[in-house]
Amino acid sequence: MENQNIQRKFNKSQLIPLVLIGAGLIILGLLLTRALTTQTPKAEYSVVPSAVNFSAPELVLNDLNGNKVNIADHHQQIVMINNWATWCPPCKDEMPTLAKYYKAHSDQGFMLFGIEAGDSKKDVASFVDDYAITFPVLLDPNTESLNAFHNDSLPSSYVIDHDGNVILAWTGPISRDMLEKYVTPLLEQ
């Protein structure tokens with residue numbers, strides 16, 4: 001009987017440090033998880049464009065007012081095509097950047113067409129209002145633009161030069177820094 005009492009005391013005395021160690025590990029794990037998932041302010045994420053060289057596809061789509069817009073009519077400008085959708089989180093994230101860049105550079109011969117991939121006109125118009133988009137937004141209910149560029153990833157963007165050639169291609173979000181680094185020099189030529 002005395003052996004059992006000693007053994008119980010021994011087990012309890014061993015249990016307390018183990019509980020404290022376990023609690024400490026849990027707290028440490030929670031702190032590490034918080035530290036790793038808390039985002040600190042960093043530079044805006046962006047993919048780097050690929051240098052490409054191919055003729056721009058023929059695209060004629062309707063704007064939100066039902067007017068037909070032919071992208072080829074704008075080759076006197078540097079044209080960016082941005083394929084996006086209202087439901088796409090990275091598209092939403094980059095939209096304010098694109099809107100600000102367009103506003104800052106549209107008077108330098110820069111044209112941006114936001115080509116919305118398949119959502120309803122009502123949803124697109126609401127999105128345009130919510131994000132205060134001033135560049136032309138074209139409706140693409142049959143995803144002609146995605147098919148023409150052979151890329152169904154969203155967002156995806158392409159820069160067309162004065163000769164009607166696609167010279168830059170992005171698949172993923174674009175930051176202001178990337179626009180300034182790769183597109184602005186084209187406007188200054």
# chains A, B, ... in the order shown; residues from 1 in each chain; ligands from 1

call {"tool": "residues_around", "arguments": {"residues": "Glu94 (chain A)", "least_positions_apart": "5", "cutoff": "8 Å", "atoms": "only C-alpha atoms", "output": "MDAnalysis selection string"}}
result
chainID A and resid 173:175

call {"tool": "closest_residue", "arguments": {"among": "A:Glu188, A:Asp63, A:Asp93, A:Asp123", "to": "Tyr45 (chain A)", "atoms": "only C-alpha atoms"}}
result
A:Asp93

call {"tool": "residues_around", "arguments": {"residues": "Ile115 (chain A)", "least_positions_apart": "3", "cutoff": "8 Å", "atoms": "only C-alpha atoms", "output": "list of chain:residue names"}}
result
A:Ile81, A:Asn82, A:Asn83, A:Trp84, A:Val137, A:Leu138, A:Leu139, A:Asp140, A:Ser145

call {"tool": "residues_around", "arguments": {"residues": "Ala85 (chain A)", "least_positions_apart": "5", "cutoff": "10 Å", "atoms": "only C-alpha atoms", "output": "PyMOL selection string"}}
result
chain A and resi 90-92+114-119+123-124+127+140+154-155

call {"tool": "write_last_selection", "arguments": {"atoms": "all heavy atoms", "output": "compact mmCIF listing (two decimals), in the first residue's frame"}}
result
# COMPACT_ATOMS: atom_id res chain seq x y z
N PRO A 90 -7.23 38.46 -56.93
CA PRO A 90 -6.09 39.26 -57.37
C PRO A 90 -6.49 40.34 -58.37
O PRO A 90 -5.84 41.39 -58.45
CB PRO A 90 -5.12 38.26 -58.00
CG PRO A 90 -5.75 36.93 -57.96
CD PRO A 90 -7.05 37.04 -57.24
N CYS A 91 -7.58 40.10 -59.12
CA CYS A 91 -8.08 41.14 -60.04
C CYS A 91 -8.57 42.34 -59.24
O CYS A 91 -8.29 43.49 -59.57
CB CYS A 91 -9.23 40.60 -60.89
SG CYS A 91 -8.82 39.17 -61.91
N LYS A 92 -9.30 42.06 -58.16
CA LYS A 92 -9.79 43.13 -57.30
C LYS A 92 -8.63 43.89 -56.67
O LYS A 92 -8.66 45.12 -56.57
CB LYS A 92 -10.68 42.55 -56.20
CG LYS A 92 -11.97 41.98 -56.69
CD LYS A 92 -12.74 41.35 -55.53
CE LYS A 92 -14.02 40.71 -56.00
NZ LYS A 92 -14.77 40.11 -54.89
N GLY A 114 -9.98 47.23 -69.80
CA GLY A 114 -10.28 46.16 -68.87
C GLY A 114 -11.31 45.25 -69.53
O GLY A 114 -12.43 45.68 -69.80
N ILE A 115 -10.92 44.03 -69.83
CA ILE A 115 -11.83 43.11 -70.52
C ILE A 115 -12.31 42.09 -69.49
O ILE A 115 -11.54 41.25 -69.01
CB ILE A 115 -11.14 42.44 -71.72
CG1 ILE A 115 -10.69 43.51 -72.71
CG2 ILE A 115 -12.08 41.44 -72.37
CD1 ILE A 115 -10.01 43.00 -73.95
N GLU A 116 -13.59 42.21 -69.16
CA GLU A 116 -14.19 41.39 -68.11
C GLU A 116 -14.63 40.05 -68.68
O GLU A 116 -15.36 39.99 -69.66
CB GLU A 116 -15.37 42.13 -67.49
CG GLU A 116 -15.70 41.71 -66.08
CD GLU A 116 -16.26 40.31 -65.97
OE1 GLU A 116 -16.98 39.86 -66.87
OE2 GLU A 116 -15.97 39.66 -64.95
N ALA A 117 -14.18 38.99 -68.05
CA ALA A 117 -14.33 37.63 -68.59
C ALA A 117 -15.61 36.94 -68.15
O ALA A 117 -15.60 36.07 -67.30
CB ALA A 117 -13.12 36.79 -68.20
N GLY A 118 -16.74 37.36 -68.74
CA GLY A 118 -17.94 36.55 -68.66
C GLY A 118 -19.00 36.88 -67.63
O GLY A 118 -20.03 36.22 -67.60
N ASP A 119 -18.79 37.85 -66.75
CA ASP A 119 -19.82 38.17 -65.76
C ASP A 119 -20.92 39.01 -66.40
O ASP A 119 -20.76 39.56 -67.49
CB ASP A 119 -19.21 38.92 -64.58
CG ASP A 119 -18.28 38.04 -63.75
OD1 ASP A 119 -18.57 36.83 -63.62
OD2 ASP A 119 -17.27 38.55 -63.25
N ASP A 123 -23.36 43.07 -62.95
CA ASP A 123 -22.27 42.86 -61.99
C ASP A 123 -21.04 43.68 -62.36
O ASP A 123 -20.37 44.24 -61.50
CB ASP A 123 -21.90 41.38 -61.91
CG ASP A 123 -22.96 40.53 -61.22
OD1 ASP A 123 -23.85 41.11 -60.55
OD2 ASP A 123 -22.91 39.29 -61.37
N VAL A 124 -20.75 43.73 -63.66
CA VAL A 124 -19.58 44.49 -64.12
C VAL A 124 -19.79 45.99 -63.86
O VAL A 124 -18.89 46.67 -63.35
CB VAL A 124 -19.29 44.22 -65.61
CG1 VAL A 124 -18.14 45.10 -66.11
CG2 VAL A 124 -18.97 42.75 -65.83
N PHE A 127 -19.28 46.71 -60.24
CA PHE A 127 -17.85 46.65 -59.93
C PHE A 127 -17.15 47.93 -60.37
O PHE A 127 -16.35 48.50 -59.63
CB PHE A 127 -17.24 45.43 -60.62
CG PHE A 127 -15.80 45.16 -60.27
CD1 PHE A 127 -15.48 44.24 -59.29
CD2 PHE A 127 -14.76 45.81 -60.93
CE1 PHE A 127 -14.16 43.96 -58.97
CE2 PHE A 127 -13.45 45.55 -60.62
CZ PHE A 127 -13.14 44.63 -59.63
N ASP A 140 -16.94 40.64 -72.17
CA ASP A 140 -16.48 39.50 -72.96
C ASP A 140 -17.21 38.24 -72.50
O ASP A 140 -16.63 37.35 -71.87
CB ASP A 140 -14.96 39.35 -72.79
CG ASP A 140 -14.35 38.37 -73.78
OD1 ASP A 140 -15.07 37.89 -74.69
OD2 ASP A 140 -13.16 38.08 -73.63
N LEU A 154 -6.50 34.43 -64.64
CA LEU A 154 -6.89 35.79 -64.31
C LEU A 154 -6.17 36.23 -63.05
O LEU A 154 -6.00 35.43 -62.14
CB LEU A 154 -8.40 35.88 -64.08
CG LEU A 154 -9.28 35.58 -65.29
CD1 LEU A 154 -10.74 35.55 -64.87
CD2 LEU A 154 -9.05 36.59 -66.39
N PRO A 155 -5.76 37.48 -63.00
CA PRO A 155 -5.71 38.43 -64.10
C PRO A 155 -4.57 38.11 -65.06
O PRO A 155 -3.59 37.48 -64.68
CB PRO A 155 -5.47 39.76 -63.41
CG PRO A 155 -4.69 39.40 -62.17
CD PRO A 155 -5.22 38.04 -61.75

call {"tool": "closest_residue", "arguments": {"among": "A:Glu58, A:Ile27, A:Lys68, A:His105", "to": "Glu180 (chain A)", "atoms": "only C-alpha atoms"}}
result
A:His105

call {"tool": "atom_distance", "arguments": {"atom1": "CA of Asp152 (chain A)", "atom2": "CA of Gly109 (chain A)"}}
result
28.0 Å

call {"tool": "closest_residue", "arguments": {"among": "A:Ile71, A:Asp129, A:Thr143, A:Val79", "to": "Met95 (chain A)", "atoms": "only C-alpha atoms"}}
result
A:Asp129

call {"tool": "select_by_dssp", "arguments": {"residues": "region 15-173 of chain A", "states": "helix (DSSP H, G or I)", "output": "number ranges by chain"}}
result
A: 15-37, 71-74, 89-108, 121-130, 144-148

call {"tool": "residues_around", "arguments": {"residues": "Ala99 (chain A)", "least_positions_apart": "4", "cutoff": "9 Å", "atoms": "only C-alpha atoms", "output": "PyMOL selection string"}}
result
chain A and resi 94-95+103-104+112+131-135

call {"tool": "atom_distance", "arguments": {"atom1": "CA of Met80 (chain A)", "atom2": "CA of Met111 (chain A)"}}
result
6.2 Å

call {"tool": "residues_around", "arguments": {"residues": "Gln189 (chain A)", "least_positions_apart": "5", "cutoff": "12 Å", "atoms": "only C-alpha atoms", "output": "list in words"}}
result
Gln77, Ile78, Gln108, Gly109, Asp161, His162, Val183 and Thr184 of chain A
